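As provided, final.csv (CSV, C-alpha atoms and all ligand atoms) reads as follows.
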```
chain,number,residue,atom,x,y,z
F,1407,MET,CA,63.9,48.6,76.1
F,1408,PRO,CA,65.7,50.8,73.7
F,1409,PHE,CA,67.0,49.1,70.6
F,1410,SER,CA,70.7,48.5,70.5
F,1411,LEU,CA,73.3,47.5,67.8
F,1412,PRO,CA,73.3,43.7,67.6
F,1413,THR,CA,76.6,41.9,67.8
F,1414,LEU,CA,77.9,41.0,64.4
F,1415,PRO,CA,78.2,37.2,63.8
F,1416,TYR,CA,81.8,37.7,62.7
F,1417,ALA,CA,84.8,39.9,63.5
F,1418,SER,CA,84.8,43.4,61.9
F,1419,ASP,CA,87.9,42.4,59.9
F,1420,ALA,CA,86.7,38.9,59.0
F,1421,LEU,CA,85.2,39.8,55.6
F,1422,ALA,CA,88.3,41.6,54.3
F,1423,PRO,CA,89.5,42.0,51.7
F,1424,LEU,CA,86.0,41.5,50.1
F,1425,MET,CA,84.5,43.9,52.6
F,1426,SER,CA,87.0,45.9,54.6
F,1427,LYS,CA,87.1,46.6,58.3
F,1428,GLU,CA,86.8,50.3,57.5
F,1429,THR,CA,83.5,49.6,55.6
F,1430,ILE,CA,82.2,47.5,58.5
F,1431,ASP,CA,83.2,50.1,61.0
F,1432,TYR,CA,81.5,52.9,59.1
F,1433,HIS,CA,78.5,51.0,57.6
F,1434,TYR,CA,77.7,48.8,60.6
F,1435,GLY,CA,79.2,50.8,63.4
F,1436,ARG,CA,78.1,54.3,62.4
F,1437,HIS,CA,75.3,54.3,59.7
F,1438,LEU,CA,73.3,51.5,61.4
F,1439,GLN,CA,74.0,52.9,64.8
F,1440,THR,CA,72.6,56.2,63.6
F,1441,TYR,CA,69.4,54.6,62.4
F,1442,ILE,CA,69.0,52.8,65.7
F,1443,ASP,CA,69.5,56.0,67.7
F,1444,LYS,CA,66.9,57.8,65.6
F,1445,VAL,CA,64.4,54.9,66.1
F,1446,ASN,CA,64.9,55.1,69.8
F,1447,ALA,CA,64.4,58.8,69.8
F,1448,LEU,CA,61.2,58.5,67.7
F,1449,VAL,CA,59.6,55.7,69.7
F,1450,ALA,CA,60.2,57.1,73.1
F,1451,GLY,CA,56.9,57.6,74.9
F,1452,THR,CA,54.8,56.3,72.0
F,1453,GLU,CA,52.8,53.1,71.4
F,1454,PHE,CA,55.8,51.7,69.4
F,1455,GLU,CA,58.2,51.8,72.4
F,1456,GLU,CA,57.6,48.1,73.5
F,1457,LEU,CA,57.3,46.6,70.1
F,1458,PRO,CA,60.0,44.5,68.4
F,1459,LEU,CA,61.7,46.2,65.5
F,1460,ASP,CA,59.9,44.2,62.8
F,1461,GLU,CA,56.6,45.3,64.2
F,1462,VAL,CA,57.7,48.9,64.3
F,1463,VAL,CA,58.5,48.6,60.6
F,1464,ARG,CA,55.1,46.9,59.8
F,1465,ARG,CA,53.0,49.5,61.7
F,1466,SER,CA,54.8,52.8,61.3
F,1467,GLU,CA,55.0,55.4,58.6
F,1468,GLY,CA,57.0,58.5,57.7
F,1469,GLY,CA,60.2,59.2,59.5
F,1470,LEU,CA,59.9,56.4,62.0
F,1471,TYR,CA,59.2,53.9,59.2
F,1472,ASN,CA,62.3,55.1,57.3
F,1473,ASN,CA,64.6,54.8,60.2
F,1474,ALA,CA,63.1,51.5,61.5
F,1475,ALA,CA,63.1,49.9,58.1
F,1476,GLN,CA,66.7,51.0,57.5
F,1477,ALA,CA,67.7,49.5,60.8
F,1478,TRP,CA,65.9,46.2,60.1
F,1479,ASN,CA,67.2,46.0,56.6
F,1480,HIS,CA,70.8,46.6,57.7
F,1481,ILE,CA,70.6,44.0,60.5
F,1482,PHE,CA,69.2,41.5,58.0
F,1483,PHE,CA,71.9,42.4,55.4
F,1484,PHE,CA,74.8,42.0,57.7
F,1485,ASP,CA,73.4,38.9,59.2
F,1486,SER,CA,73.3,37.4,55.7
F,1487,LEU,CA,77.1,37.6,55.3
F,1488,THR,CA,79.8,35.2,56.4
F,1489,PRO,CA,83.6,34.9,55.9
F,1490,GLN,CA,83.0,31.1,55.2
F,1491,SER,CA,80.4,31.1,52.4
F,1492,LYS,CA,79.5,27.7,51.2
F,1493,PRO,CA,77.6,26.6,48.1
F,1494,VAL,CA,73.8,26.9,48.1
F,1495,GLY,CA,72.3,24.0,50.0
F,1496,THR,CA,70.1,21.3,48.4
F,1497,GLY,CA,66.7,22.6,49.5
F,1498,LEU,CA,67.2,26.2,48.3
F,1499,HIS,CA,69.1,24.9,45.3
F,1500,ALA,CA,66.0,23.0,44.2
F,1501,LEU,CA,63.9,26.1,44.5
F,1502,ILE,CA,66.4,28.2,42.5
F,1503,LEU,CA,66.4,25.6,39.7
F,1504,ARG,CA,62.6,25.5,39.7
F,1505,ASP,CA,62.2,29.3,39.6
F,1506,PHE,CA,65.3,30.6,37.8
F,1507,GLY,CA,66.6,27.6,35.8
F,1508,SER,CA,70.1,27.5,37.4
F,1509,VAL,CA,72.2,29.1,40.1
F,1510,GLU,CA,74.1,31.0,37.4
F,1511,ALA,CA,70.9,32.3,35.8
F,1512,PHE,CA,69.7,33.4,39.3
F,1513,ARG,CA,73.1,35.1,40.0
F,1514,GLU,CA,72.9,36.9,36.6
F,1515,GLN,CA,69.4,38.2,37.3
F,1516,LEU,CA,70.3,39.3,40.8
F,1517,CYS,CA,73.4,41.1,39.4
F,1518,GLN,CA,71.3,42.8,36.7
F,1519,ARG,CA,68.8,44.0,39.3
F,1520,VAL,CA,71.7,45.3,41.4
F,1521,LEU,CA,73.2,47.2,38.5
F,1522,THR,CA,70.0,48.6,37.0
F,1523,HIS,CA,68.4,49.8,40.3
F,1524,PHE,CA,68.4,53.6,40.2
F,1525,ALA,CA,69.7,55.4,43.2
F,1526,SER,CA,69.5,54.2,46.8
F,1527,GLY,CA,67.6,51.1,47.8
F,1528,TRP,CA,67.8,47.4,48.4
F,1529,VAL,CA,67.7,44.3,46.2
F,1530,TRP,CA,65.9,41.3,47.7
F,1531,LEU,CA,65.5,37.6,47.2
F,1532,ILE,CA,62.0,36.8,48.5
F,1533,MET,CA,59.5,34.0,48.6
F,1534,ASP,CA,56.4,35.6,47.3
F,1535,CYS,CA,52.7,35.0,48.2
F,1536,ASP,CA,52.5,32.1,45.7
F,1537,GLY,CA,55.5,30.3,47.2
F,1538,LYS,CA,57.8,31.3,44.3
F,1539,LEU,CA,61.3,32.8,44.6
F,1540,ALA,CA,61.5,36.3,43.2
F,1541,ILE,CA,64.0,39.1,42.9
F,1542,VAL,CA,62.7,42.6,43.7
F,1543,SER,CA,64.2,45.9,44.5
F,1544,THR,CA,62.9,48.6,46.8
F,1545,GLN,CA,63.6,52.3,46.9
F,1546,ASP,CA,65.4,54.1,49.7
F,1547,ALA,CA,64.4,52.6,53.1
F,1548,GLN,CA,61.5,50.4,51.9
F,1549,SER,CA,61.6,47.0,53.4
F,1550,MET,CA,60.1,43.7,52.2
F,1551,LEU,CA,58.5,43.0,55.6
F,1552,ALA,CA,54.9,42.3,54.4
F,1553,ASP,CA,52.2,39.8,54.9
F,1554,GLY,CA,52.7,36.6,52.9
F,1555,VAL,CA,56.2,37.6,51.8
F,1556,THR,CA,59.3,35.9,53.2
F,1557,PRO,CA,62.5,38.0,52.8
F,1558,LEU,CA,65.4,35.6,52.3
F,1559,LEU,CA,68.3,37.9,51.4
F,1560,THR,CA,68.9,41.6,50.8
F,1561,ILE,CA,71.8,43.6,49.4
F,1562,ASP,CA,72.3,47.2,50.4
F,1563,LEU,CA,72.5,49.5,47.3
F,1564,TRP,CA,73.1,52.8,49.1
F,1565,GLU,CA,76.4,54.3,48.0
F,1566,HIS,CA,77.7,54.2,51.6
F,1567,ALA,CA,77.6,50.4,51.3
F,1568,TYR,CA,80.4,50.3,48.6
F,1569,TYR,CA,82.0,53.7,48.2
F,1570,ILE,CA,84.9,53.0,50.7
F,1571,ASP,CA,86.0,49.7,49.0
F,1572,HIS,CA,84.8,50.1,45.5
F,1573,ARG,CA,84.1,53.8,44.9
F,1574,ASN,CA,81.4,54.0,42.3
F,1575,ARG,CA,81.8,50.4,41.0
F,1576,ARG,CA,78.6,48.7,42.0
F,1577,ALA,CA,79.4,45.7,39.9
F,1578,ASP,CA,82.6,45.0,41.9
F,1579,TYR,CA,80.6,45.4,45.1
F,1580,PHE,CA,78.1,42.8,43.9
F,1581,GLU,CA,80.9,40.4,43.1
F,1582,ALA,CA,82.3,40.8,46.6
F,1583,VAL,CA,78.9,40.4,48.3
F,1584,TRP,CA,78.1,37.3,46.3
F,1585,GLN,CA,81.2,35.6,47.7
F,1586,LEU,CA,80.2,36.5,51.2
F,1587,ILE,CA,76.6,35.3,51.2
F,1588,ASP,CA,75.7,32.9,54.0
F,1589,TRP,CA,73.4,30.5,52.0
F,1590,GLU,CA,72.8,28.4,55.0
F,1591,LYS,CA,71.1,31.3,56.7
F,1592,VAL,CA,69.2,32.2,53.6
F,1593,GLU,CA,67.9,28.7,53.4
F,1594,ASN,CA,67.0,28.6,57.1
F,1595,ARG,CA,64.7,31.6,56.5
F,1596,LEU,CA,62.5,29.5,54.4
F,1597,ASN,CA,59.7,27.6,56.0
F,1598,LEU,CA,61.0,24.0,55.7
F,1599,ASN,CA,57.5,22.8,54.8
F,1600,LEU,CA,57.9,24.6,51.5
F,1601,PHE,CA,60.3,21.9,50.4
F,1602,ASP,CA,57.6,19.3,50.7
F,1603,GLY,CA,56.6,18.0,47.3
F,1604,LEU,CA,59.6,19.2,45.4
F,1701,FE,FE,73.6,50.8,54.3
```
Spit out the file's structure as structure tokens when you get a sec.
Ligand SMILES: [Fe+2]
Amino acid sequence: MPFSLPTLPYASDALAPLMSKETIDYHYGRHLQTYIDKVNALVAGTEFEELPLDEVVRRSEGGLYNNAAQAWNHIFFFDSLTPQSKPVGTGLHALILRDFGSVEAFREQLCQRVLTHFASGWVWLIMDCDGKLAIVSTQDAQSMLADGVTPLLTIDLWEHAYYIDHRNRRADYFEAVWQLIDWEKVENRLNLNLFDGL
């Protein structure tokens, strides 16, 4: 089965004005579609053809890895946004307090990583191998799909993510994305057992 563009969990104009319909149409509708088309072309007739996308990312390298990781990262990013963002839920909140001190301190660290990451890439909130929350960034297409690591949230730092709405102002883009994060989904990505003993 060829990979196809998933349906967004919100209307293409639902995130405006924080993220415009034009950005969604280009970023989701064109950039992501292009990565998916390239993955389909590269896996055709190979051992990757029947694998789910995350397995293609885990097992591939080179051009297929770059396109599959970009596709997976984008789907994960857009699935982390909502027009009805609510405050961080109690379980995730407890982990943020434990590992960052406060939601505000976490937000500041996330923002700094967004602003200081050089060139294209992704900023992530992950649960690392030791069960701790951590903020990391990856270059270009690199994903955080790895054994023992749970990706919880990612923010696209490629210029195409923000140039239509914010031109070169990455800080403004971060402020907009922060207001759109679906914390319920982020929390659901945690293994609920991790909350035991907090
Ligand atoms: Fe992107």
- Query: For the atom pair CA of Leu1501 in chain F and CA of Leu1459 in chain F, what is the interatomic distance in Å to one decimal place?
  - Reply: 29.2 Å
- Message: Every residue with an atom at most 12 Å from (84.0, 51.2, 58.3) (file coordinates; only C-alpha atoms) is what I'm after, so could you write them as a VMD selection string?
- Response: chain F and resid 1418 to 1419 1421 to 1422 1425 to 1438 1566 to 1571
- Task: Select, from F:Val1592, F:Cys1517, F:Ile1502, F:Leu1559, the residue with the minimum atom-to-atom distance to Arg1576 in chain F, counting all atoms listed in the file.
- Result: F:Cys1517
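Summary of the local environment: counting all atoms listed in the file, residues at most 7 Å from Ile1541 in chain F, other than itself and those fewer than 3 positions away along its chain, are Leu1516, Trp1530, Leu1531 and Ile1532 of chain F.
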- When distances are computed from all atoms listed in the file, which of F:Tyr1579, F:Phe1506, F:Leu1498, F:Phe1484 shows the smallest separation from ligand FE 1701 (chain F)? F:Phe1484
- Message: From the options F:Asp1588, F:Glu1467, F:Asp1546, F:Glu1510, which residue's atoms come nearest to Leu1563 in chain F, counting all atoms listed in the file?
- Response: F:Asp1546
- Long-range neighbours of Gly1469 in chain F as a list in words, 9 Å cut-off, all atoms listed in the file, 4 positions minimum in chain: Val1445, Leu1448, Asn1473 and Ala1474 of chain F
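Between CA of His1523 in chain F and CA of Ala1511 in chain F there is a distance of 18.2 Å.
Closest approach to Asp1553 in chain F among F:Glu1455, F:Asp1534, F:Asp1505, F:Asp1578 is made by F:Asp1534 (distances from all atoms listed in the file).
Considering the residues F:Ile1587, F:Ile1481, F:Val1520, F:Val1509 and counting only C-alpha atoms and all ligand atoms, ligand FE 1701 (chain F) has its shortest atom-to-atom contact with F:Ile1481.
When all atoms listed in the file are used to compute distances to Arg1595 in chain F, the closest of the residues F:Gly1468, F:Gly1497, F:Pro1415, F:Gly1507 turns out to be F:Gly1497.
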- Query: What is the distance between CA of Trp1528 in chain F and CA of Ile1442 in chain F, in Å to one decimal?
  - Reply: 18.2 Å
Would you give me, as CSV, each residue of range 1485-1581 of chain F having an atom within 10 Å of an atom of range 1461-1466 of chain F, along with its shortest atom pair and that distance in Å to one decimal, using all atoms listed in the file and sorting by chain and residue number?
```
residue,atom,partner,partner_atom,distance
F:Gln1548,CA,F:Val1463,CA,9.4
F:Ser1549,CA,F:Val1463,CA,8.0
F:Met1550,CA,F:Arg1464,CA,9.6
F:Leu1551,CA,F:Arg1464,CA,6.7
F:Ala1552,CA,F:Arg1464,CA,7.1
F:Asp1553,CA,F:Arg1464,CA,9.1
```
Just C-alpha atoms for this one: save the residues we selected as a PDB file, keeping the file's coordinate frame.
```
ATOM      1  CA  GLN F1548      61.500  50.400  51.900  1.00  0.00           C
ATOM      2  CA  SER F1549      61.600  47.000  53.400  1.00  0.00           C
ATOM      3  CA  MET F1550      60.100  43.700  52.200  1.00  0.00           C
ATOM      4  CA  LEU F1551      58.500  43.000  55.600  1.00  0.00           C
ATOM      5  CA  ALA F1552      54.900  42.300  54.400  1.00  0.00           C
ATOM      6  CA  ASP F1553      52.200  39.800  54.900  1.00  0.00           C
TER       7      ASP F1553
END
```
Please supply range 1434-1445 of chain F, rebuilt with N, CA, C and O atoms, as a JSON list (two decimals), in the coordinates of the input.
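What ended up in rebuild19.json:
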```json
[["chain", "number", "residue", "atom", "x", "y", "z"],
["F", 1434, "TYR", "N", 78.35, 49.46, 59.46],
["F", 1434, "TYR", "CA", 77.70, 48.80, 60.60],
["F", 1434, "TYR", "C", 77.75, 49.67, 61.85],
["F", 1434, "TYR", "O", 76.75, 49.93, 62.52],
["F", 1435, "GLY", "N", 78.96, 50.11, 62.13],
["F", 1435, "GLY", "CA", 79.20, 50.80, 63.40],
["F", 1435, "GLY", "C", 78.65, 52.21, 63.47],
["F", 1435, "GLY", "O", 78.33, 52.69, 64.55],
["F", 1436, "ARG", "N", 78.55, 52.87, 62.31],
["F", 1436, "ARG", "CA", 78.10, 54.30, 62.40],
["F", 1436, "ARG", "C", 76.73, 54.48, 61.69],
["F", 1436, "ARG", "O", 75.82, 55.02, 62.28],
["F", 1437, "HIS", "N", 76.62, 54.05, 60.40],
["F", 1437, "HIS", "CA", 75.30, 54.30, 59.70],
["F", 1437, "HIS", "C", 74.21, 53.52, 60.46],
["F", 1437, "HIS", "O", 73.17, 54.11, 60.77],
["F", 1438, "LEU", "N", 74.40, 52.24, 60.71],
["F", 1438, "LEU", "CA", 73.30, 51.50, 61.40],
["F", 1438, "LEU", "C", 73.09, 52.00, 62.78],
["F", 1438, "LEU", "O", 71.93, 52.13, 63.19],
["F", 1439, "GLN", "N", 74.15, 52.34, 63.50],
["F", 1439, "GLN", "CA", 74.00, 52.90, 64.80],
["F", 1439, "GLN", "C", 73.11, 54.17, 64.79],
["F", 1439, "GLN", "O", 72.25, 54.39, 65.65],
["F", 1440, "THR", "N", 73.34, 54.99, 63.77],
["F", 1440, "THR", "CA", 72.60, 56.20, 63.60],
["F", 1440, "THR", "C", 71.08, 55.95, 63.43],
["F", 1440, "THR", "O", 70.22, 56.59, 64.03],
["F", 1441, "TYR", "N", 70.79, 54.96, 62.56],
["F", 1441, "TYR", "CA", 69.40, 54.60, 62.40],
["F", 1441, "TYR", "C", 68.74, 54.12, 63.66],
["F", 1441, "TYR", "O", 67.61, 54.48, 64.00],
["F", 1442, "ILE", "N", 69.48, 53.29, 64.39],
["F", 1442, "ILE", "CA", 69.00, 52.80, 65.70],
["F", 1442, "ILE", "C", 68.74, 53.90, 66.67],
["F", 1442, "ILE", "O", 67.71, 53.96, 67.34],
["F", 1443, "ASP", "N", 69.69, 54.82, 66.74],
["F", 1443, "ASP", "CA", 69.50, 56.00, 67.70],
["F", 1443, "ASP", "C", 68.29, 56.78, 67.29],
["F", 1443, "ASP", "O", 67.55, 57.23, 68.18],
["F", 1444, "LYS", "N", 68.06, 56.97, 65.99],
["F", 1444, "LYS", "CA", 66.90, 57.80, 65.60],
["F", 1444, "LYS", "C", 65.60, 57.03, 65.90],
["F", 1444, "LYS", "O", 64.61, 57.65, 66.30],
["F", 1445, "VAL", "N", 65.58, 55.70, 65.70],
["F", 1445, "VAL", "CA", 64.40, 54.90, 66.10],
["F", 1445, "VAL", "C", 64.11, 55.09, 67.55],
["F", 1445, "VAL", "O", 62.97, 55.36, 67.96]]
```
